[in-house]
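input_20.txt (compact mmCIF, C-alpha atoms)
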# COMPACT_ATOMS: atom_id res chain seq x y z
CA MET A 1 12.28 9.54 2.85
CA THR A 2 15.00 10.97 5.09
CA ARG A 3 17.21 7.93 4.56
CA LEU A 4 16.81 8.16 0.79
CA ALA A 5 17.64 11.87 0.86
CA GLU A 6 20.89 11.09 2.65
CA GLU A 7 21.72 8.11 0.46
CA LYS A 8 20.87 9.62 -2.93
CA LEU A 9 21.47 13.33 -2.38
CA GLY A 10 23.84 13.54 0.56
CA LEU A 11 21.29 15.54 2.57
CA LYS A 12 21.14 14.63 6.24
CA MET A 13 18.01 16.17 7.73
CA GLU A 14 17.52 17.06 11.37
CA THR A 15 14.14 18.12 12.73
CA THR A 16 14.49 21.21 14.91
CA LEU A 17 10.97 22.68 15.08
CA LEU A 18 7.94 20.67 16.22
CA GLY A 19 4.59 21.92 17.41
CA GLY A 20 2.32 18.95 18.19
CA ASP A 21 -0.57 20.44 16.25
CA ALA A 22 -1.01 23.23 13.73
CA GLY A 23 -1.82 25.90 16.36
CA ASN A 24 1.18 25.10 18.54
CA TYR A 25 3.43 24.94 15.50
CA ASP A 26 2.42 28.44 14.36
CA THR A 27 2.97 29.76 17.89
CA LYS A 28 6.48 28.28 18.07
CA LEU A 29 7.30 29.58 14.61
CA ARG A 30 6.17 33.11 15.48
CA LEU A 31 8.10 33.05 18.75
CA ALA A 32 11.21 32.01 16.84
CA LEU A 33 10.62 34.85 14.39
CA THR A 34 9.96 37.60 16.92
CA GLY A 35 12.61 36.37 19.34
CA SER A 36 15.35 36.36 16.72
CA GLU A 37 16.01 32.68 17.39
CA ASP A 38 17.57 30.40 14.80
CA LEU A 39 15.06 29.15 12.25
CA PRO A 40 15.38 25.82 10.41
CA ASP A 41 16.88 25.92 6.93
CA VAL A 42 13.56 24.78 5.45
CA PHE A 43 10.16 24.85 7.14
CA PRO A 44 6.47 24.88 6.18
CA VAL A 45 4.26 27.94 6.65
CA TYR A 46 0.50 27.41 6.50
CA GLY A 47 -1.06 30.88 6.78
CA THR A 48 -0.82 33.82 4.38
CA GLN A 49 -0.35 36.29 7.25
CA MET A 50 2.56 34.28 8.60
CA ILE A 51 4.08 34.18 5.11
CA ALA A 52 3.77 37.95 4.82
CA ASP A 53 5.36 38.43 8.24
CA MET A 54 8.23 36.13 7.29
CA ILE A 55 8.94 38.09 4.13
CA GLU A 56 8.75 41.43 5.95
CA SER A 57 11.14 40.19 8.62
CA GLY A 58 13.95 39.77 6.11
CA ARG A 59 14.80 36.37 7.58
CA VAL A 60 13.77 34.23 4.62
CA LYS A 61 15.72 33.93 1.43
CA ASP A 62 14.83 35.33 -1.97
CA ILE A 63 14.87 32.11 -4.03
CA THR A 64 13.79 33.55 -7.38
CA ASP A 65 17.13 32.78 -9.03
CA ASP A 66 17.33 29.37 -7.32
CA ILE A 67 13.95 28.40 -8.78
CA GLU A 68 15.11 29.37 -12.25
CA GLN A 69 18.38 27.49 -11.91
CA TYR A 70 17.39 24.33 -10.04
CA MET A 71 13.68 23.62 -10.46
CA PRO A 72 13.03 20.77 -12.98
CA ASP A 73 11.25 21.85 -16.15
CA ARG A 74 8.31 19.52 -15.50
CA ILE A 75 7.67 21.26 -12.16
CA LYS A 76 8.09 24.71 -13.72
CA GLU A 77 5.40 23.81 -16.25
CA ILE A 78 2.95 23.05 -13.45
CA TYR A 79 3.61 26.35 -11.70
CA GLU A 80 3.34 28.24 -14.99
CA LYS A 81 -0.11 26.71 -15.37
CA TYR A 82 -1.11 27.85 -11.86
CA PRO A 83 0.75 31.15 -11.35
CA GLU A 84 -1.69 32.33 -8.68
CA THR A 85 -0.23 29.82 -6.22
CA TYR A 86 2.88 32.01 -5.93
CA TYR A 87 1.04 35.25 -5.16
CA PRO A 88 1.29 35.00 -1.33
CA LEU A 89 5.02 34.23 -1.60
CA THR A 90 5.93 37.08 -3.94
CA LYS A 91 6.91 40.65 -3.14
CA ASP A 92 8.20 43.24 -5.61
CA GLY A 93 8.55 40.54 -8.24
CA ARG A 94 10.72 38.30 -6.06
CA THR A 95 9.78 34.88 -4.64
CA TYR A 96 10.51 33.77 -1.08
CA GLY A 97 9.24 30.18 -0.91
CA ILE A 98 7.99 27.15 -2.81
CA ALA A 99 4.24 27.43 -3.20
CA CYS A 100 1.75 24.64 -2.61
CA CYS A 101 0.28 24.14 -6.07
CA PRO A 102 -3.23 22.67 -6.39
CA ALA A 103 -1.99 20.28 -9.08
CA LEU A 104 0.59 18.90 -6.66
CA THR A 105 -1.77 18.29 -3.75
CA GLU A 106 -3.82 15.77 -5.70
CA GLY A 107 -1.31 13.03 -4.97
CA GLN A 108 -2.49 11.30 -1.81
CA VAL A 109 -0.76 8.24 -0.47
CA MET A 110 -1.83 5.68 2.09
CA ILE A 111 0.71 4.90 4.78
CA ILE A 112 0.16 1.36 6.02
CA ARG A 113 1.89 -0.93 8.53
CA GLN A 114 3.72 -3.55 6.48
CA ASP A 115 4.38 -5.69 9.56
CA TRP A 116 0.65 -5.77 10.25
CA LEU A 117 0.03 -6.89 6.67
CA ASP A 118 2.67 -9.61 6.87
CA LYS A 119 1.20 -11.44 9.85
CA PRO A 120 -2.10 -12.47 8.18
CA GLU A 121 -0.36 -12.51 4.76
CA LEU A 122 -2.37 -9.64 3.30
CA GLU A 123 -1.48 -7.45 0.35
CA ALA A 124 -1.69 -3.66 0.37
CA PRO A 125 -5.27 -2.78 -0.63
CA ALA A 126 -5.93 -1.67 -4.20
CA ASN A 127 -9.71 -1.10 -3.95
CA MET A 128 -12.41 -0.48 -1.36
CA ASP A 129 -13.23 -4.16 -0.79
CA GLU A 130 -9.57 -4.98 -0.12
CA PHE A 131 -9.28 -1.93 2.11
CA GLU A 132 -12.24 -3.16 4.14
CA ALA A 133 -10.64 -6.59 4.53
CA VAL A 134 -7.42 -4.99 5.75
CA ILE A 135 -9.00 -2.73 8.36
CA ARG A 136 -11.09 -5.63 9.66
CA ALA A 137 -7.94 -7.73 10.08
CA PHE A 138 -6.08 -4.82 11.69
CA THR A 139 -8.89 -4.57 14.24
CA GLU A 140 -9.82 -8.17 14.96
CA ASP A 141 -6.68 -10.26 14.36
CA ASN A 142 -4.36 -8.81 17.04
CA PRO A 143 -1.84 -7.38 14.52
CA ASP A 144 0.52 -6.02 17.19
CA GLY A 145 0.68 -9.40 18.91
CA ASN A 146 0.03 -8.16 22.45
CA GLY A 147 -3.13 -10.20 22.95
CA GLU A 148 -5.21 -7.10 23.64
CA ASN A 149 -8.16 -5.71 21.71
CA ASP A 150 -6.55 -2.29 21.35
CA THR A 151 -6.00 -1.67 17.62
CA TYR A 152 -8.17 -0.51 14.76
CA GLY A 153 -7.71 -0.49 11.04
CA PHE A 154 -7.95 3.14 10.06
CA THR A 155 -7.88 6.60 11.61
CA TYR A 156 -8.65 9.96 10.07
CA ALA A 157 -9.44 13.57 10.86
CA GLY A 158 -13.22 13.86 11.06
CA ASP A 159 -13.55 17.21 12.83
CA SER A 160 -13.65 19.11 9.53
CA ILE A 161 -14.78 18.62 5.96
CA TYR A 162 -13.49 15.41 4.38
CA ASN A 163 -11.11 17.24 2.06
CA THR A 164 -8.55 19.19 4.07
CA GLY A 165 -5.48 18.52 1.95
CA TRP A 166 -3.54 17.62 5.07
CA VAL A 167 -2.57 14.75 7.35
CA ALA A 168 -5.25 12.08 7.94
CA ASP A 169 -7.45 13.39 5.14
CA PRO A 170 -9.81 10.56 4.03
CA VAL A 171 -10.70 12.21 0.72
CA SER A 172 -9.33 9.32 -1.36
CA LEU A 173 -12.05 7.08 0.08
CA PHE A 174 -14.65 9.48 -1.28
CA SER A 175 -12.92 9.85 -4.63
CA ALA A 176 -13.13 6.07 -5.05
CA ASN A 177 -16.90 6.47 -5.48
CA SER A 178 -17.20 10.01 -6.80
CA GLY A 179 -14.11 10.60 -8.94
CA LYS A 180 -13.19 14.27 -9.05
CA ASN A 181 -16.41 15.29 -7.26
CA ILE A 182 -14.87 15.27 -3.80
CA PRO A 183 -16.36 16.90 -0.69
CA GLY A 184 -16.10 20.66 -0.33
CA ALA A 185 -15.06 21.36 -3.93
CA TRP A 186 -16.94 22.78 -6.91
CA TYR A 187 -16.66 21.26 -10.38
CA GLU A 188 -18.22 21.73 -13.79
CA ASP A 189 -20.50 18.95 -14.92
CA GLU A 190 -20.87 17.77 -18.50
CA ASN A 191 -23.24 20.68 -19.19
CA GLY A 192 -20.84 23.29 -17.90
CA ASP A 193 -22.86 23.89 -14.73
CA LEU A 194 -21.24 24.10 -11.32
CA MET A 195 -21.69 21.09 -9.07
CA TYR A 196 -20.84 20.88 -5.37
CA GLY A 197 -18.89 17.73 -4.66
CA SER A 198 -20.30 17.18 -1.17
CA ILE A 199 -23.74 16.31 -2.54
CA HIS A 200 -22.50 13.88 -5.19
CA GLU A 201 -24.19 10.49 -4.87
CA GLY A 202 -20.83 8.71 -4.78
CA ASN A 203 -19.86 10.51 -1.59
CA ARG A 204 -23.03 9.29 0.07
CA LYS A 205 -21.97 5.72 -0.75
CA THR A 206 -18.63 6.30 0.98
CA LEU A 207 -20.32 7.77 4.06
CA GLU A 208 -22.64 4.77 4.28
CA ARG A 209 -19.71 2.38 4.08
CA MET A 210 -17.70 4.34 6.66
CA ALA A 211 -20.74 4.23 8.96
CA GLU A 212 -20.75 0.45 8.67
CA TRP A 213 -17.01 0.31 9.45
CA HIS A 214 -17.59 2.50 12.48
CA LYS A 215 -20.43 0.26 13.65
CA ASN A 216 -18.12 -2.75 13.37
CA GLY A 217 -15.35 -0.99 15.28
CA TRP A 218 -12.91 -1.17 12.38
CA ILE A 219 -12.14 2.58 12.40
CA PHE A 220 -11.35 4.92 15.27
CA GLN A 221 -14.58 5.41 17.21
CA GLU A 222 -13.91 9.08 18.07
CA ALA A 223 -12.81 10.09 14.58
CA ALA A 224 -15.66 12.59 14.22
CA ALA A 225 -14.07 14.71 16.96
CA THR A 226 -10.45 14.06 16.01
CA GLY A 227 -8.10 16.57 14.40
CA ALA A 228 -5.34 15.81 11.93
CA TRP A 229 -2.41 15.82 14.36
CA ASP A 230 -4.21 13.64 16.92
CA ALA A 231 -5.10 11.15 14.18
CA MET A 232 -1.49 11.04 13.04
CA MET A 233 -0.36 10.33 16.61
CA GLN A 234 -2.69 7.33 16.77
CA PHE A 235 -0.85 5.89 13.80
CA THR A 236 2.67 6.67 15.03
CA GLU A 237 1.87 5.28 18.49
CA GLY A 238 0.83 1.94 17.00
CA LYS A 239 -2.92 2.09 17.58
CA ALA A 240 -4.05 2.45 13.95
CA GLY A 241 -2.86 0.35 11.03
CA ASN A 242 -3.00 2.95 8.29
CA ILE A 243 -3.54 6.61 7.61
CA CYS A 244 -3.86 8.73 4.50
CA ARG A 245 -1.50 11.57 3.76
CA ILE A 246 -1.49 14.35 1.18
CA TRP A 247 2.02 15.12 -0.06
CA THR A 248 2.57 18.81 -0.82
CA MET A 249 5.45 21.18 -1.51
CA THR A 250 4.87 24.01 0.97
CA SER A 251 8.02 25.62 2.35
CA CYS A 252 9.94 28.82 2.86
CA GLN A 253 13.71 28.79 2.93
CA THR A 254 15.98 30.93 5.09
CA GLU A 255 19.49 32.09 4.26
CA PRO A 256 21.80 29.05 4.13

Give the structure from this file in structure tokens form.
Amino acid sequence: MTRLAEEKLGLKMETTLLGGDAGNYDTKLRLALTGSEDLPDVFPVYGTQMIADMIESGRVKDITDDIEQYMPDRIKEIYEKYPETYYPLTKDGRTYGIACCPALTEGQVMIIRQDWLDKPELEAPANMDEFEAVIRAFTEDNPDGNGENDTYGFTYAGDSIYNTGWVADPVSLFSANSGKNIPGAWYEDENGDLMYGSIHEGNRKTLERMAEWHKNGWIFQEAAATGAWDAMMQFTEGKAGNICRIWTMTSCQTEP
């Protein structure tokens, strides 16, 4: 993504603020705010109180006119459909950041090691059966070539509900069997009655299959006690072969 941004748009990005996990990130961001340190040009903010403090500080840019001038019409249409997403970012009719719209967080992608696929000549999975075959191979076929039994096919954040909208969120596995009735969300059924996604029969099927994968050792054995950032580190450190990621548009922008 960063290489494409530089190649296609001439934007060379440099990461200047890292936290390790969500709590540490918020702490570093608040220290930068209260200590009058330089803030990145663009950065995510995850809590409404932090957003309010940023706006009150006067250190983030009013981007109301920028949104009108530069935002593509197709994106404007989405935000016009969900205007409430901008409420935390708005003060006195002016907007100070790009909101995370529910319609935009539905696009989850699976990040998978291509080099691990190449060795046993596997294709990227397109359904649950193919996904199972991949994670088995990533666990049992020594994909990193070190001769050790030290890899597993899939890692995820299991210390919360299976629908966090964040890194290592396994919600797509549930959606494969339950459609829109994903864990932790309410939906109208065909009769107009509210239905809680967590009790949908399709989600039980996914849990049963994940339990079998866990029994076989194909997924991270401590996933139930693993947070999002720790799960992501297992992927980046070469222990897990793939991870799911929700792509969102959450950011506040400072003065250029």

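Atom CA of Val45 of chain A to atom CA of Arg3 of chain A spans 23.9 Å [interatomic distance, one decimal].
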
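For the atom pair formed by atom CA of Lys119 of chain A and atom CA of Gly158 of chain A, the distance is 29.1 Å, given to one decimal.
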
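When all atoms listed in the file are used to compute distances to Leu194 of chain A, the closest of the residues A:Asn181, A:Glu68, A:Thr48, A:Arg59 turns out to be A:Asn181.
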
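Summary of the local environment: counting all atoms listed in the file, residues at most 9 Å from Ala223 of chain A, other than itself and those fewer than 3 positions away along its chain, are Thr155, Tyr156, Ala157, Gly158, Asp159, Ile219, Phe220, Thr226, Gly227 and Ala231 of chain A.
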
Go through A:Lys180, A:Ala240, A:Asp189, A:Ile111 one by one, measure the shortest atom-to-atom distance of each to Asn142 of chain A using all atoms listed in the file, and give the residue with the smallest value. A:Ala240

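Going from atom CA of Asn242 of chain A over to atom CA of Glu208 of chain A, you cover 20.1 Å.
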
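Of the listed residues A:Ala168, A:Ile243, A:Ile55, A:Ile98, the one whose atoms come nearest to Phe43 of chain A is A:Ile98, with distances taken using all atoms listed in the file.
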
Excluding Met54 of chain A and any residue of its chain fewer than 2 positions from it, enumerate the residues within 10 Å of it, using all atoms listed in the file, and give them as a list of chain:residue names. A:Leu29, A:Arg30, A:Leu33, A:Thr34, A:Val45, A:Thr48, A:Gln49, A:Met50, A:Ile51, A:Ala52, A:Glu56, A:Ser57, A:Gly58, A:Arg59, A:Val60, A:Lys61, A:Leu89, A:Tyr96, A:Cys252, A:Thr254

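Across A:Pro88, A:Asp150, A:Ile75, A:Val171, the tightest approach to Ser198 of chain A is made by A:Val171 when counting all atoms listed in the file.
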
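Distance check against Ser172 of chain A using all atoms listed in the file: of A:Phe131, A:Phe235, A:Tyr152, A:Trp229, the minimum falls on A:Phe131.
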
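Distances to Pro143 of chain A were evaluated for A:Tyr82, A:Trp116, A:Tyr70, A:Trp186 using all atoms listed in the file, and the minimum falls at A:Trp116.
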
Mind rebuilding segment 56-67 of chain A with all heavy atoms and writing that out as a tab-separated table (two decimals), in the frame of the given file?
chain	number	residue	atom	x	y	z
A	56	GLU	N	8.46	40.11	5.41
A	56	GLU	CA	8.75	41.43	5.95
A	56	GLU	C	9.90	41.40	6.94
A	56	GLU	O	10.65	42.38	7.08
A	56	GLU	CB	7.50	41.99	6.64
A	56	GLU	CG	6.40	42.44	5.68
A	56	GLU	CD	6.84	43.60	4.80
A	56	GLU	OE1	7.63	44.46	5.28
A	56	GLU	OE2	6.41	43.66	3.64
A	57	SER	N	10.08	40.27	7.62
A	57	SER	CA	11.14	40.19	8.62
A	57	SER	C	12.54	40.20	8.01
A	57	SER	O	13.52	40.49	8.70
A	57	SER	CB	10.97	38.91	9.45
A	57	SER	OG	11.36	37.76	8.69
A	58	GLY	N	12.64	39.85	6.74
A	58	GLY	CA	13.95	39.77	6.11
A	58	GLY	C	14.73	38.53	6.46
A	58	GLY	O	15.91	38.43	6.13
A	59	ARG	N	14.09	37.57	7.11
A	59	ARG	CA	14.80	36.37	7.58
A	59	ARG	C	14.58	35.15	6.70
A	59	ARG	O	15.01	34.05	7.05
A	59	ARG	CB	14.39	36.06	9.03
A	59	ARG	CG	14.73	37.19	9.99
A	59	ARG	CD	14.48	36.78	11.42
A	59	ARG	NE	15.36	35.68	11.80
A	59	ARG	CZ	15.16	34.91	12.87
A	59	ARG	NH1	14.10	35.11	13.64
A	59	ARG	NH2	16.00	33.95	13.18
A	60	VAL	N	13.90	35.32	5.58
A	60	VAL	CA	13.77	34.23	4.62
A	60	VAL	C	14.41	34.64	3.31
A	60	VAL	O	14.46	35.82	2.95
A	60	VAL	CB	12.29	33.83	4.39
A	60	VAL	CG1	11.73	33.15	5.62
A	60	VAL	CG2	11.44	35.02	4.01
A	61	LYS	N	14.90	33.68	2.61
A	61	LYS	CA	15.72	33.93	1.43
A	61	LYS	C	14.89	34.21	0.18
A	61	LYS	O	13.87	33.57	-0.06
A	61	LYS	CB	16.62	32.71	1.18
A	61	LYS	CG	17.57	32.87	0.01
A	61	LYS	CD	18.35	31.58	-0.24
A	61	LYS	CE	19.27	31.73	-1.44
A	61	LYS	NZ	19.97	30.48	-1.76
A	62	ASP	N	15.35	35.11	-0.63
A	62	ASP	CA	14.83	35.33	-1.97
A	62	ASP	C	15.34	34.19	-2.84
A	62	ASP	O	16.55	34.08	-3.10
A	62	ASP	CB	15.32	36.68	-2.49
A	62	ASP	CG	14.93	36.94	-3.95
A	62	ASP	OD1	14.36	36.04	-4.59
A	62	ASP	OD2	15.24	38.04	-4.44
A	63	ILE	N	14.44	33.29	-3.28
A	63	ILE	CA	14.87	32.11	-4.03
A	63	ILE	C	14.47	32.20	-5.50
A	63	ILE	O	14.44	31.17	-6.20
A	63	ILE	CB	14.30	30.82	-3.40
A	63	ILE	CG1	12.77	30.82	-3.42
A	63	ILE	CG2	14.83	30.62	-2.00
A	63	ILE	CD1	12.17	29.48	-3.01
A	64	THR	N	14.20	33.38	-5.98
A	64	THR	CA	13.79	33.55	-7.38
A	64	THR	C	14.81	32.94	-8.33
A	64	THR	O	14.46	32.18	-9.24
A	64	THR	CB	13.61	35.04	-7.70
A	64	THR	OG1	12.76	35.65	-6.71
A	64	THR	CG2	12.98	35.22	-9.08
A	65	ASP	N	16.08	33.30	-8.14
A	65	ASP	CA	17.13	32.78	-9.03
A	65	ASP	C	17.34	31.28	-8.82
A	65	ASP	O	17.67	30.55	-9.77
A	65	ASP	CB	18.43	33.54	-8.79
A	65	ASP	CG	18.31	35.01	-9.15
A	65	ASP	OD1	17.45	35.35	-9.99
A	65	ASP	OD2	19.06	35.83	-8.57
A	66	ASP	N	17.18	30.80	-7.59
A	66	ASP	CA	17.33	29.37	-7.32
A	66	ASP	C	16.26	28.56	-8.06
A	66	ASP	O	16.53	27.48	-8.58
A	66	ASP	CB	17.23	29.10	-5.82
A	66	ASP	CG	18.35	29.76	-5.04
A	66	ASP	OD1	19.49	29.74	-5.53
A	66	ASP	OD2	18.08	30.29	-3.96
A	67	ILE	N	15.03	29.08	-8.07
A	67	ILE	CA	13.95	28.40	-8.78
A	67	ILE	C	14.29	28.28	-10.26
A	67	ILE	O	14.13	27.22	-10.87
A	67	ILE	CB	12.62	29.15	-8.58
A	67	ILE	CG1	12.14	29.01	-7.13
A	67	ILE	CG2	11.56	28.65	-9.54
A	67	ILE	CD1	10.93	29.84	-6.80
